[in-house]
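This is target_22.csv (CSV, C-alpha atoms and all ligand atoms).
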```
chain,number,residue,atom,x,y,z
A,1,MET,CA,-27.1,3.5,-0.2
A,2,GLN,CA,-25.1,4.7,-3.2
A,3,VAL,CA,-21.4,4.5,-2.6
A,4,LEU,CA,-18.5,5.5,-4.9
A,5,VAL,CA,-15.2,3.8,-4.3
A,6,VAL,CA,-12.3,5.8,-5.7
A,7,GLY,CA,-9.2,3.6,-6.5
A,8,ALA,CA,-9.4,0.0,-7.6
A,9,GLY,CA,-6.3,-1.4,-5.9
A,10,VAL,CA,-6.5,-4.3,-3.5
A,11,VAL,CA,-8.1,-2.1,-0.9
A,12,GLY,CA,-10.7,-0.4,-3.1
A,13,CYS,CA,-11.6,-3.7,-4.7
A,14,ALA,CA,-12.0,-5.4,-1.3
A,15,VAL,CA,-14.1,-2.5,0.0
A,16,ALA,CA,-16.4,-2.4,-3.2
A,17,TYR,CA,-16.9,-6.2,-3.0
A,18,GLU,CA,-17.8,-6.1,0.7
A,19,LEU,CA,-20.2,-3.2,0.3
A,20,VAL,CA,-22.0,-4.7,-2.7
A,21,ALA,CA,-22.2,-8.1,-0.9
A,22,ARG,CA,-24.0,-6.4,2.0
A,23,GLY,CA,-26.5,-4.7,-0.3
A,24,ALA,CA,-25.0,-1.3,-1.2
A,25,GLU,CA,-25.3,0.2,-4.7
A,26,VAL,CA,-21.6,0.6,-5.6
A,27,GLN,CA,-19.6,2.3,-8.3
A,28,MET,CA,-15.8,2.0,-8.5
A,29,LEU,CA,-13.4,4.0,-10.6
A,30,ASP,CA,-9.7,4.3,-11.2
A,31,ALA,CA,-7.4,6.7,-12.9
A,32,ARG,CA,-5.7,3.6,-14.4
A,33,ARG,CA,-7.1,0.1,-14.6
A,34,ALA,CA,-8.0,-2.1,-11.6
A,35,GLY,CA,-4.9,-3.2,-9.8
A,36,GLU,CA,-2.3,-1.1,-11.7
A,37,GLY,CA,-1.2,0.9,-8.7
A,38,ALA,CA,1.0,-0.6,-5.9
A,39,SER,CA,-1.1,-3.8,-5.7
A,40,GLN,CA,0.3,-5.2,-9.0
A,41,ALA,CA,3.8,-5.2,-7.4
A,42,ALA,CA,2.9,-6.7,-4.0
A,43,ALA,CA,4.5,-9.9,-2.9
A,44,GLY,CA,1.3,-10.8,-1.0
A,45,ILE,CA,3.0,-12.0,2.1
A,46,LEU,CA,0.7,-12.5,5.0
A,47,ALA,CA,3.0,-12.3,8.0
A,48,PRO,CA,1.9,-10.0,10.8
A,49,TYR,CA,4.3,-11.5,13.4
A,50,ILE,CA,7.3,-10.5,11.2
A,51,GLU,CA,5.9,-7.2,10.0
A,52,GLY,CA,4.4,-6.3,13.3
A,53,HIS,CA,6.8,-3.7,14.6
A,54,SER,CA,4.2,-2.0,16.7
A,55,PRO,CA,1.5,-3.5,19.0
A,56,GLU,CA,-1.2,-1.6,17.0
A,57,PHE,CA,-0.1,-3.0,13.7
A,58,LEU,CA,0.2,-6.5,15.2
A,59,GLN,CA,-3.4,-6.3,16.4
A,60,LEU,CA,-4.7,-5.2,13.0
A,61,GLY,CA,-2.5,-7.7,11.1
A,62,VAL,CA,-3.4,-10.7,13.2
A,63,GLN,CA,-7.1,-9.9,13.0
A,64,SER,CA,-7.0,-9.5,9.2
A,65,LEU,CA,-5.0,-12.7,8.8
A,66,GLY,CA,-7.8,-14.5,10.8
A,67,LEU,CA,-10.3,-13.4,8.2
A,68,TYR,CA,-8.3,-14.6,5.2
A,69,ASP,CA,-9.4,-18.3,4.8
A,70,ALA,CA,-13.1,-17.3,4.6
A,71,PHE,CA,-12.3,-14.2,2.5
A,72,ILE,CA,-10.5,-16.2,-0.2
A,73,GLU,CA,-13.1,-18.8,-0.2
A,74,ARG,CA,-15.9,-16.2,-0.8
A,75,VAL,CA,-14.0,-14.3,-3.5
A,76,SER,CA,-13.0,-17.5,-5.3
A,77,ARG,CA,-16.6,-18.8,-5.3
A,78,ASP,CA,-18.1,-15.4,-6.3
A,79,SER,CA,-15.6,-14.8,-9.1
A,80,GLY,CA,-15.3,-18.4,-10.3
A,81,LEU,CA,-11.5,-17.9,-10.3
A,82,PRO,CA,-8.7,-19.8,-8.6
A,83,ILE,CA,-6.5,-17.7,-6.3
A,84,ASP,CA,-3.0,-18.8,-5.4
A,85,TYR,CA,-3.3,-18.6,-1.6
A,86,ARG,CA,-1.2,-20.8,0.7
A,87,ARG,CA,-0.6,-20.8,4.4
A,88,ILE,CA,2.8,-22.4,4.0
A,89,GLY,CA,4.5,-20.6,6.8
A,90,THR,CA,7.4,-18.2,7.0
A,91,LEU,CA,10.9,-19.3,7.7
A,92,GLU,CA,12.9,-16.3,9.0
A,93,VAL,CA,16.5,-17.1,8.4
A,94,ALA,CA,19.6,-15.8,10.3
A,95,LEU,CA,22.9,-15.5,8.4
A,96,ASN,CA,25.1,-14.7,11.4
A,97,GLU,CA,25.3,-15.3,15.1
A,98,GLU,CA,23.8,-11.9,16.0
A,99,GLN,CA,20.7,-12.5,13.8
A,100,ALA,CA,20.3,-16.0,15.2
A,101,HIS,CA,20.4,-14.6,18.8
A,102,HIS,CA,17.6,-12.2,17.8
A,103,LEU,CA,15.5,-15.1,16.4
A,104,ARG,CA,16.1,-17.1,19.6
A,105,THR,CA,15.0,-14.2,21.7
A,106,THR,CA,11.9,-13.7,19.6
A,107,ALA,CA,11.1,-17.5,19.9
A,108,GLU,CA,11.5,-17.2,23.7
A,109,LYS,CA,9.1,-14.3,23.8
A,110,TYR,CA,6.5,-16.4,21.8
A,111,ASN,CA,6.9,-19.3,24.3
A,112,ALA,CA,4.7,-17.4,26.7
A,113,THR,CA,2.0,-16.7,24.1
A,114,HIS,CA,-0.3,-18.7,21.8
A,115,VAL,CA,1.8,-17.9,18.7
A,116,GLU,CA,2.7,-21.2,17.1
A,117,HIS,CA,6.4,-21.2,16.2
A,118,GLN,CA,9.6,-23.2,16.2
A,119,TYR,CA,13.2,-22.2,16.5
A,120,LEU,CA,15.4,-24.4,14.3
A,121,GLU,CA,19.1,-24.9,14.5
A,122,PRO,CA,20.8,-24.8,11.0
A,123,ALA,CA,20.7,-28.5,10.3
A,124,ALA,CA,17.0,-28.7,11.2
A,125,ALA,CA,16.3,-25.7,9.1
A,126,ARG,CA,18.0,-27.3,6.1
A,127,VAL,CA,15.9,-30.4,6.5
A,128,LEU,CA,12.8,-28.1,6.0
A,129,GLU,CA,14.5,-26.1,3.2
A,130,PRO,CA,17.3,-28.1,1.6
A,131,GLY,CA,18.2,-25.1,-0.7
A,132,LEU,CA,19.2,-22.9,2.2
A,133,ALA,CA,22.7,-21.4,2.2
A,134,PRO,CA,25.2,-23.3,4.3
A,135,THR,CA,25.9,-20.0,6.0
A,136,ALA,CA,22.5,-20.0,7.7
A,137,THR,CA,22.9,-19.9,11.5
A,138,GLY,CA,19.3,-20.6,12.6
A,139,ALA,CA,15.7,-20.0,11.5
A,140,LEU,CA,12.3,-19.2,13.0
A,141,LEU,CA,9.3,-21.0,11.6
A,142,ILE,CA,5.8,-19.5,11.9
A,143,PRO,CA,3.5,-22.0,10.3
A,144,ASN,CA,0.4,-19.8,10.3
A,145,HIS,CA,1.8,-17.3,7.9
A,146,GLY,CA,1.5,-17.5,4.2
A,147,TYR,CA,1.0,-15.6,1.0
A,148,VAL,CA,-1.6,-14.7,-1.6
A,149,GLN,CA,-0.8,-13.9,-5.2
A,150,SER,CA,-1.8,-10.3,-5.2
A,151,ARG,CA,-2.5,-9.8,-8.9
A,152,ALA,CA,-4.8,-12.9,-8.9
A,153,LEU,CA,-6.5,-11.6,-5.8
A,154,VAL,CA,-7.2,-8.1,-7.2
A,155,HIS,CA,-8.5,-9.6,-10.5
A,156,ALA,CA,-10.8,-12.0,-8.7
A,157,LEU,CA,-12.1,-9.3,-6.4
A,158,GLU,CA,-12.8,-7.0,-9.4
A,159,VAL,CA,-14.6,-9.9,-11.2
A,160,ALA,CA,-16.6,-10.9,-8.0
A,161,ALA,CA,-17.5,-7.3,-7.4
A,162,ARG,CA,-18.8,-6.9,-11.0
A,163,GLN,CA,-20.7,-10.1,-10.8
A,164,LYS,CA,-22.5,-8.8,-7.8
A,165,GLY,CA,-23.4,-5.5,-9.6
A,166,VAL,CA,-20.5,-3.1,-9.0
A,167,SER,CA,-20.1,-0.8,-12.0
A,168,VAL,CA,-16.3,-0.4,-12.6
A,169,LYS,CA,-14.8,2.4,-14.7
A,170,SER,CA,-11.2,2.6,-15.7
A,171,THR,CA,-9.1,5.6,-16.7
A,172,VAL,CA,-11.3,8.1,-15.0
A,173,LYS,CA,-9.8,10.3,-12.3
A,174,VAL,CA,-11.5,12.0,-9.4
A,175,GLU,CA,-10.5,15.7,-9.7
A,176,ALA,CA,-12.4,17.3,-6.8
A,177,LEU,CA,-15.0,16.7,-4.1
A,178,GLN,CA,-17.7,18.9,-2.7
A,179,GLN,CA,-20.6,18.5,-0.3
A,180,ARG,CA,-24.2,19.1,-1.6
A,181,HIS,CA,-27.3,18.5,0.5
A,182,ASN,CA,-25.5,15.9,2.7
A,183,ARG,CA,-24.3,14.0,-0.4
A,184,VAL,CA,-20.9,14.0,-2.0
A,185,GLN,CA,-20.5,15.7,-5.4
A,186,VAL,CA,-17.6,14.2,-7.3
A,187,HIS,CA,-15.9,16.0,-10.3
A,188,LEU,CA,-14.4,13.6,-12.8
A,189,SER,CA,-11.5,14.0,-15.3
A,190,GLU,CA,-13.9,13.3,-18.2
A,191,GLY,CA,-15.8,16.5,-17.3
A,192,SER,CA,-18.8,14.9,-15.7
A,193,THR,CA,-20.1,15.1,-12.1
A,194,ILE,CA,-21.7,12.4,-10.1
A,195,GLU,CA,-23.4,12.5,-6.7
A,196,VAL,CA,-23.4,9.7,-4.1
A,197,ASP,CA,-24.5,9.2,-0.5
A,198,ALA,CA,-21.0,8.2,0.5
A,199,LEU,CA,-17.5,8.0,-1.0
A,200,VAL,CA,-14.5,5.8,-0.1
A,201,LEU,CA,-11.1,7.2,-0.8
A,202,ALA,CA,-8.9,4.1,-1.6
A,203,THR,CA,-6.4,6.1,-3.6
A,204,GLY,CA,-3.2,4.7,-2.1
A,205,SER,CA,-0.1,6.8,-2.6
A,206,TRP,CA,-2.0,9.5,-4.5
A,207,SER,CA,-4.4,10.2,-1.5
A,208,ALA,CA,-3.0,13.6,-0.7
A,209,ARG,CA,-4.1,14.7,-4.2
A,210,VAL,CA,-7.8,14.2,-3.5
A,211,ALA,CA,-8.1,16.6,-0.6
A,212,VAL,CA,-11.2,16.8,1.5
A,213,LYS,CA,-9.9,19.8,3.4
A,214,GLN,CA,-7.8,21.7,0.8
A,215,ALA,CA,-5.5,23.1,3.5
A,216,MET,CA,-4.9,19.6,4.9
A,217,PRO,CA,-4.3,16.8,2.5
A,218,ALA,CA,-4.0,13.3,3.8
A,219,PRO,CA,-0.5,12.8,5.1
A,220,VAL,CA,0.3,9.8,2.8
A,221,LYS,CA,3.4,9.6,0.7
A,222,PRO,CA,4.8,7.1,-1.7
A,223,ILE,CA,7.6,4.7,-0.9
A,224,ARG,CA,8.9,2.9,-3.9
A,225,GLY,CA,9.3,-0.9,-3.8
A,226,GLN,CA,11.0,-3.0,-6.5
A,227,LEU,CA,10.5,-6.7,-6.7
A,228,LEU,CA,11.8,-9.5,-9.1
A,229,ASN,CA,9.8,-12.4,-10.5
A,230,LEU,CA,12.2,-15.3,-11.3
A,231,VAL,CA,11.4,-18.5,-13.2
A,232,CYS,CA,13.1,-21.5,-11.4
A,233,ASN,CA,14.0,-24.8,-13.0
A,234,THR,CA,13.7,-26.8,-9.8
A,235,PRO,CA,11.3,-26.3,-6.9
A,236,SER,CA,12.7,-23.2,-5.2
A,237,ALA,CA,11.4,-23.3,-1.6
A,238,ALA,CA,8.6,-24.8,0.5
A,239,HIS,CA,8.1,-21.7,2.7
A,240,VAL,CA,8.1,-17.9,2.4
A,241,ILE,CA,11.7,-17.2,3.3
A,242,TRP,CA,12.6,-14.0,5.1
A,243,SER,CA,16.1,-12.7,5.7
A,244,PRO,CA,17.2,-9.4,7.1
A,245,ASP,CA,17.9,-8.2,3.5
A,246,CYS,CA,15.2,-9.7,1.4
A,247,TYR,CA,12.3,-12.1,1.2
A,248,LEU,CA,11.4,-14.9,-1.3
A,249,VAL,CA,7.9,-16.1,-2.1
A,250,PRO,CA,7.6,-19.4,-4.0
A,251,LEU,CA,4.4,-19.3,-6.1
A,252,GLN,CA,2.5,-22.3,-7.3
A,253,ASP,CA,3.2,-21.5,-11.0
A,254,GLY,CA,6.9,-22.3,-10.3
A,255,THR,CA,8.1,-18.7,-10.2
A,256,ILE,CA,9.5,-17.0,-7.2
A,257,LEU,CA,9.2,-13.4,-6.0
A,258,VAL,CA,12.2,-11.7,-4.6
A,259,GLY,CA,11.7,-8.4,-2.8
A,260,ALA,CA,11.9,-5.7,-2.1
A,261,THR,CA,13.6,-2.3,-2.1
A,262,VAL,CA,12.3,0.5,0.2
A,263,GLU,CA,13.0,3.9,-1.5
A,264,ASP,CA,11.8,7.4,-0.8
A,265,VAL,CA,12.0,8.8,-4.3
A,266,GLY,CA,8.6,10.4,-4.8
A,267,PHE,CA,6.2,9.3,-7.6
A,268,ASP,CA,8.9,7.7,-9.7
A,269,GLU,CA,7.7,4.2,-10.7
A,270,ARG,CA,10.7,3.2,-12.8
A,271,SER,CA,12.9,0.2,-12.1
A,272,THR,CA,16.6,0.5,-11.7
A,273,ALA,CA,19.6,-1.8,-12.5
A,274,ALA,CA,21.0,-1.2,-9.1
A,275,ALA,CA,17.9,-2.6,-7.4
A,276,VAL,CA,17.9,-5.7,-9.7
A,277,GLN,CA,21.6,-6.3,-8.9
A,278,HIS,CA,21.1,-5.8,-5.2
A,279,LEU,CA,18.0,-8.1,-4.9
A,280,LEU,CA,19.7,-10.9,-6.9
A,281,GLN,CA,22.8,-10.7,-4.7
A,282,VAL,CA,21.0,-10.7,-1.3
A,283,ALA,CA,18.6,-13.4,-2.4
A,284,GLN,CA,21.4,-15.7,-3.5
A,285,ALA,CA,23.0,-15.3,-0.1
A,286,VAL,CA,19.9,-17.0,1.5
A,287,LEU,CA,18.9,-19.4,-1.3
A,288,PRO,CA,21.9,-20.0,-3.6
A,289,THR,CA,19.9,-22.3,-5.9
A,290,ILE,CA,18.2,-19.3,-7.5
A,291,LYS,CA,21.4,-18.5,-9.4
A,292,ASP,CA,20.1,-20.7,-12.3
A,293,ALA,CA,16.7,-19.0,-12.4
A,294,ARG,CA,15.6,-16.7,-15.3
A,295,LEU,CA,14.6,-13.1,-14.6
A,296,ARG,CA,11.0,-12.8,-15.9
A,297,ASP,CA,10.1,-9.3,-14.8
A,298,VAL,CA,10.8,-6.4,-12.4
A,299,ARG,CA,7.7,-5.1,-10.6
A,300,VAL,CA,7.6,-1.6,-9.2
A,301,GLY,CA,5.0,-0.1,-6.9
A,302,LEU,CA,4.5,2.9,-4.7
A,303,ARG,CA,3.5,1.9,-1.1
A,304,PRO,CA,1.3,4.5,0.6
A,305,VAL,CA,2.8,5.3,4.0
A,306,SER,CA,1.4,7.6,6.7
A,307,PRO,CA,3.6,9.2,9.4
A,308,ASP,CA,2.9,6.5,12.0
A,309,GLU,CA,3.0,3.7,9.4
A,310,LEU,CA,-0.6,2.6,10.3
A,311,PRO,CA,-3.4,2.9,7.8
A,312,LEU,CA,-6.0,5.6,7.7
A,313,VAL,CA,-9.4,3.8,7.8
A,314,GLY,CA,-12.5,5.6,8.9
A,315,PRO,CA,-14.7,8.7,8.3
A,316,SER,CA,-13.4,12.2,7.7
A,317,CYS,CA,-14.2,14.5,10.7
A,318,GLU,CA,-15.2,17.2,8.3
A,319,TRP,CA,-17.4,15.1,6.0
A,320,PRO,CA,-18.5,11.9,7.7
A,321,ASN,CA,-19.8,10.6,4.4
A,322,VAL,CA,-16.3,10.5,3.0
A,323,ILE,CA,-14.4,7.4,4.3
A,324,TYR,CA,-10.6,7.1,4.1
A,325,ALA,CA,-9.2,3.6,3.3
A,326,THR,CA,-5.5,4.4,2.6
A,327,GLY,CA,-2.0,4.4,3.9
A,328,HIS,CA,-1.6,0.7,4.2
A,329,TYR,CA,2.2,0.9,3.4
A,330,ARG,CA,3.8,-2.6,3.3
A,331,ASN,CA,0.7,-4.5,4.2
A,332,GLY,CA,-2.3,-3.5,2.1
A,333,VAL,CA,-2.8,-7.0,0.9
A,334,LEU,CA,-2.7,-8.4,4.4
A,335,LEU,CA,-5.0,-5.7,5.7
A,336,ALA,CA,-7.6,-5.6,2.8
A,337,PRO,CA,-10.2,-8.0,4.4
A,338,LEU,CA,-10.2,-6.1,7.7
A,339,THR,CA,-10.3,-2.7,6.0
A,340,ALA,CA,-13.3,-3.8,3.9
A,341,LYS,CA,-15.1,-5.0,7.1
A,342,ILE,CA,-14.4,-1.8,9.0
A,343,VAL,CA,-15.7,0.4,6.2
A,344,ALA,CA,-18.8,-1.7,5.5
A,345,ASP,CA,-19.6,-2.0,9.3
A,346,PHE,CA,-19.4,1.8,9.5
A,347,LEU,CA,-21.3,2.7,6.4
A,348,LEU,CA,-23.9,0.1,6.3
A,349,GLU,CA,-24.5,-1.0,9.9
A,350,ASN,CA,-23.6,2.2,11.6
A,351,ALA,CA,-21.2,0.1,13.7
A,352,LYS,CA,-17.9,1.5,14.9
A,353,ALA,CA,-15.4,-1.4,14.9
A,354,PRO,CA,-13.0,-1.2,17.9
A,355,GLU,CA,-10.1,-1.1,15.3
A,356,LEU,CA,-11.3,2.4,14.3
A,357,MET,CA,-9.6,3.6,17.4
A,358,LEU,CA,-6.2,2.6,15.8
A,359,THR,CA,-7.0,3.6,12.3
A,360,THR,CA,-9.1,6.8,12.6
A,361,PRO,CA,-7.9,9.6,10.3
A,362,SER,CA,-8.8,12.0,13.1
A,363,ARG,CA,-5.4,11.3,14.6
A,364,PHE,CA,-4.0,13.5,11.8
A,365,GLY,CA,-6.8,16.1,12.2
A,366,LEU,CA,-8.6,14.8,9.1
B,401,LIG,C1,7.3,-4.2,-4.0
B,401,LIG,C2,6.2,-4.3,-3.0
B,401,LIG,C3,5.9,-5.4,-2.3
B,401,LIG,C4,4.8,-5.5,-1.4
B,401,LIG,N1,4.6,-6.6,-0.7
B,401,LIG,C5,3.5,-6.7,0.1
B,401,LIG,C6,3.2,-7.9,0.8
B,401,LIG,O1,4.0,-8.8,0.7
B,401,LIG,N2,2.1,-7.9,1.6
B,401,LIG,C7,1.3,-6.9,1.7
B,401,LIG,O2,0.3,-7.0,2.4
B,401,LIG,N3,1.5,-5.7,1.0
B,401,LIG,C8,2.6,-5.6,0.3
B,401,LIG,N4,2.9,-4.4,-0.4
B,401,LIG,C9,2.1,-3.3,-0.1
B,401,LIG,C10,0.8,-3.3,-0.9
B,401,LIG,O3,1.1,-3.4,-2.3
B,401,LIG,C11,0.1,-2.0,-0.7
B,401,LIG,O4,-0.1,-1.7,0.7
B,401,LIG,C12,-1.3,-2.1,-1.4
B,401,LIG,O5,-1.2,-2.4,-2.7
B,401,LIG,C13,-2.0,-0.7,-1.3
B,401,LIG,O6,-3.3,-0.9,-2.0
B,401,LIG,P1,-4.2,0.3,-2.4
B,401,LIG,O7,-5.4,-0.3,-3.0
B,401,LIG,O8,-4.3,1.2,-1.2
B,401,LIG,O9,-3.3,1.1,-3.4
B,401,LIG,P2,-3.0,0.9,-5.0
B,401,LIG,O10,-2.9,-0.5,-5.3
B,401,LIG,O11,-1.9,1.8,-5.3
B,401,LIG,O12,-4.4,1.5,-5.6
B,401,LIG,C14,-4.7,2.8,-5.5
B,401,LIG,C15,-5.5,3.1,-6.8
B,401,LIG,O13,-6.0,4.4,-6.7
B,401,LIG,C16,-6.0,5.0,-8.0
B,401,LIG,N5,-6.2,6.4,-7.9
B,401,LIG,C17,-5.4,7.3,-7.2
B,401,LIG,N6,-5.8,8.5,-7.3
B,401,LIG,C18,-7.0,8.5,-8.0
B,401,LIG,C19,-7.9,9.5,-8.4
B,401,LIG,N7,-7.8,10.8,-8.1
B,401,LIG,N8,-9.0,9.1,-9.2
B,401,LIG,C20,-9.1,7.8,-9.5
B,401,LIG,N9,-8.3,6.8,-9.1
B,401,LIG,C21,-7.2,7.2,-8.4
B,401,LIG,C22,-4.7,4.6,-8.6
B,401,LIG,O14,-4.7,4.6,-10.0
B,401,LIG,C23,-4.5,3.2,-8.0
B,401,LIG,O15,-5.0,2.1,-8.9
B,401,LIG,C24,4.0,-4.4,-1.3
B,401,LIG,C25,4.2,-3.2,-2.1
B,401,LIG,C26,5.3,-3.2,-3.0
B,401,LIG,C27,5.5,-2.0,-3.8
```

Just give me the structure of the file as structure tokens.
Amino acid sequence: MQVLVVGAGVVGCAVAYELVARGAEVQMLDARRAGEGASQAAAGILAPYIEGHSPEFLQLGVQSLGLYDAFIERVSRDSGLPIDYRRIGTLEVALNEEQAHHLRTTAEKYNATHVEHQYLEPAAARVLEPGLAPTATGALLIPNHGYVQSRALVHALEVAARQKGVSVKSTVKVEALQQRHNRVQVHLSEGSTIEVDALVLATGSWSARVAVKQAMPAPVKPIRGQLLNLVCNTPSAAHVIWSPDCYLVPLQDGTILVGATVEDVGFDERSTAAAVQHLLQVAQAVLPTIKDARLRDVRVGLRPVSPDELPLVGPSCEWPNVIYATGHYRNGVLLAPLTAKIVADFLLENAKAPELMLTTPSRFGL
């Protein structure tokens, strides 16, 4: 089967890699270069129990996290590249009594489940993280969580996909789609047209611009996120630290990521002084030691969000050979392995994964 994957972010690259690994003939193209959309800005946190505000998301997130060890092992092996991926746990930190009460309540809820966790009083939390602010009033440790360095992952996915035979084209945009004899005809910005058996739309925040039904574009819009990369002189933290106002991710290269803003400002990908100031301030409130760090860069990305904040993964009702893989909002990195599996199961094995019930684009009439 010939498949075109449109969009080479973490989602498109994971889908292309999975499809080629299972025997499809795959092309992938991107209006920019691979990974230059939202995926270059992602912190790469893998924390479904923190991010899981709805039971549906929690189900998807936990399942995808369960695929991660094997996913990274395969991508590393096939690309020959190391990927900074560590399940070092998240430490959710409270900075006042109300927040500590919330964490204790969450811990009590987990007591009745299989979710491994530990509620820590301030002194015990500081034994685990000596750099924590003295104002910390409690913390919740979830050891199974972790992070993956998103830029390294996308690069390794692209290399692994190429090695297995995916043809990757940069700076080529899909302008329009048509159906022709049960195949998808794709009109490209360079003026040419290609035809494939199936097409995967992994176009992130720009998904509404590649409409299958002209009158009904995908209901996906951009939400800007800004994130800082700091260089620390001393080891910064042993866990991913999460507070109500920010998170901090200590990478193995000695830098730390501090994120992130959540801004509804359309397709504006510029960074702002106000965001830098805000993130530095809230990060120091949790981990005062970062005051001596150097600011290396500010990363900005547009998270693709759908109205119910769940991704759209599955076939279009109108054209079943066009598969959506978009709308992953704050968790595209976490959900990439599961998304790739759902798409490949559907296209190549004709198998409808149970998760399609949650992600089907038909819930929006697509
Ligand atoms: C600051 C920040 C922090 C984040 N932190 C995390 C985190 O900790 N954990 C996590 O899981 N997620 C995180 N995310 C979310 C994550 O980055 C996104 O969910 C994910 O990157 C979406 O991947 P994607 O491949 O769908 O989109 P993108 O990476 O945006 O890729 C879409 C690609 O499609 C291309 N494209 C669009 N239209 C066309 C067209 N017509 N023709 C050709 N190409 C096209 C674009 O050029 C782009 O490269 C974060 C995001 C931000 C901004």

field: Contacts of stretch 312-327 of chain A within 8 Å, all atoms listed in the file, excl. fewer than 3 positions in-chain, as an MDAnalysis selection string
entry: chainID A and resid 11:12 179 182:184 197:205 207 212:213 220 303:306 309 339 342:343 346 356 359:362 365:366

Step by step, gather every atom of ligand LIG 401 (chain B) that the file lists, find the box along x, y and z that holds them, add 3 Å on each side, and finally give centre and edge lengths in Å to one decimal, as lines of an AutoDock Vina configuration file.
```
center_x = -0.9
center_y = 1.0
center_z = -3.8
size_x = 22.4
size_y = 25.6
size_z = 18.4
```

- prompt: Given a cut-off of 7 Å, what residues near ligand LIG 401 (chain B) show up using all atoms listed in the file, put as an NGL selection string?
  reply: :A and (6-12 or 29-46 or 172-175 or 202-207 or 209-210 or 224-227 or 259-261 or 299-304 or 326-335)

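Interatomic distance, atom CA of A:His102 to atom CA of A:Pro122: 14.7 Å.
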
Per residue of stretch 192-250 of chain A within 10 Å of stretch 78-98 of chain A, what are the shortest atom pair and its distance in Å to one decimal, counting all atoms listed in the file, with rows by chain and residue number, as a Markdown table?
```
| residue | atom | partner | partner_atom | distance |
| --- | --- | --- | --- | --- |
| A:Ala238 | CA | A:Ile88 | CA | 7.2 |
| A:His239 | CA | A:Ile88 | CA | 5.5 |
| A:Val240 | CA | A:Thr90 | CA | 4.7 |
| A:Ile241 | CA | A:Leu91 | CA | 4.9 |
| A:Trp242 | CA | A:Glu92 | CA | 4.5 |
| A:Ser243 | CA | A:Val93 | CA | 5.2 |
| A:Pro244 | CA | A:Ala94 | CA | 7.5 |
| A:Tyr247 | CA | A:Glu92 | CA | 8.9 |
| A:Leu248 | CA | A:Thr90 | CA | 9.8 |
| A:Val249 | CA | A:Thr90 | CA | 9.4 |
| A:Pro250 | CA | A:Ile88 | CA | 9.8 |
```

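Computed from the coordinates, the atom CA of A:His117 to atom CA of A:Gln63 distance equals 17.9 Å.
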
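Closest approach to A:Thr106 among A:Val166, A:Tyr49, A:Pro354, A:Leu348 is made by A:Tyr49 (distances from all atoms listed in the file).
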
Do you have, as JSON lines, the list of residues of stretch 237-256 of chain A lying at most 10 Å from stretch 288-298 of chain A, each with its nearest atom pair and that distance in Å to one decimal, counting all atoms listed in the file and ordered by chain then number?
```
{"residue": "A:Ala237", "atom": "CA", "partner": "A:Thr289", "partner_atom": "CA", "distance": 9.6}
{"residue": "A:Thr255", "atom": "CA", "partner": "A:Arg296", "partner_atom": "CA", "distance": 8.7}
{"residue": "A:Ile256", "atom": "CA", "partner": "A:Ile290", "partner_atom": "CA", "distance": 9.0}
```

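Neighbouring residues of A:Arg77 at 12 Å or closer, counting only C-alpha atoms and skipping chain neighbours under 6 positions away, are Ala70, Phe71, Ile83, Ala156, Leu157, Val159, Ala160, Ala161, Gln163 and Lys164 of chain A.
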
query: What is the distance, in Å and to one decimal place, between atom CA of A:Val265 and atom CA of A:Leu153?
result: 27.6 Å

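The smallest atom-to-atom distance between A:Ala14 and any of A:Val154, A:Ala139, A:Ala273, A:Ala208, using only C-alpha atoms, is found for A:Val154.
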
Taking 5 positions as the minimum chain separation for residues in the same chain, which residues sit within 10 Å of A:Asp245 when counting all atoms listed in the file? Answer as an mmCIF file with C-alpha atoms, in the coordinates of the input.
```
data_model
loop_
_atom_site.group_PDB
_atom_site.id
_atom_site.type_symbol
_atom_site.label_atom_id
_atom_site.label_comp_id
_atom_site.auth_asym_id
_atom_site.auth_seq_id
_atom_site.Cartn_x
_atom_site.Cartn_y
_atom_site.Cartn_z
ATOM 1 C CA GLY A 259 11.700 -8.400 -2.800
ATOM 2 C CA ALA A 260 11.900 -5.700 -2.100
ATOM 3 C CA THR A 261 13.600 -2.300 -2.100
ATOM 4 C CA HIS A 278 21.100 -5.800 -5.200
ATOM 5 C CA LEU A 279 18.000 -8.100 -4.900
ATOM 6 C CA GLN A 281 22.800 -10.700 -4.700
ATOM 7 C CA VAL A 282 21.000 -10.700 -1.300
ATOM 8 C CA ALA A 283 18.600 -13.400 -2.400
ATOM 9 C CA ALA A 285 23.000 -15.300 -0.100
ATOM 10 C CA VAL A 286 19.900 -17.000 1.500
#
```
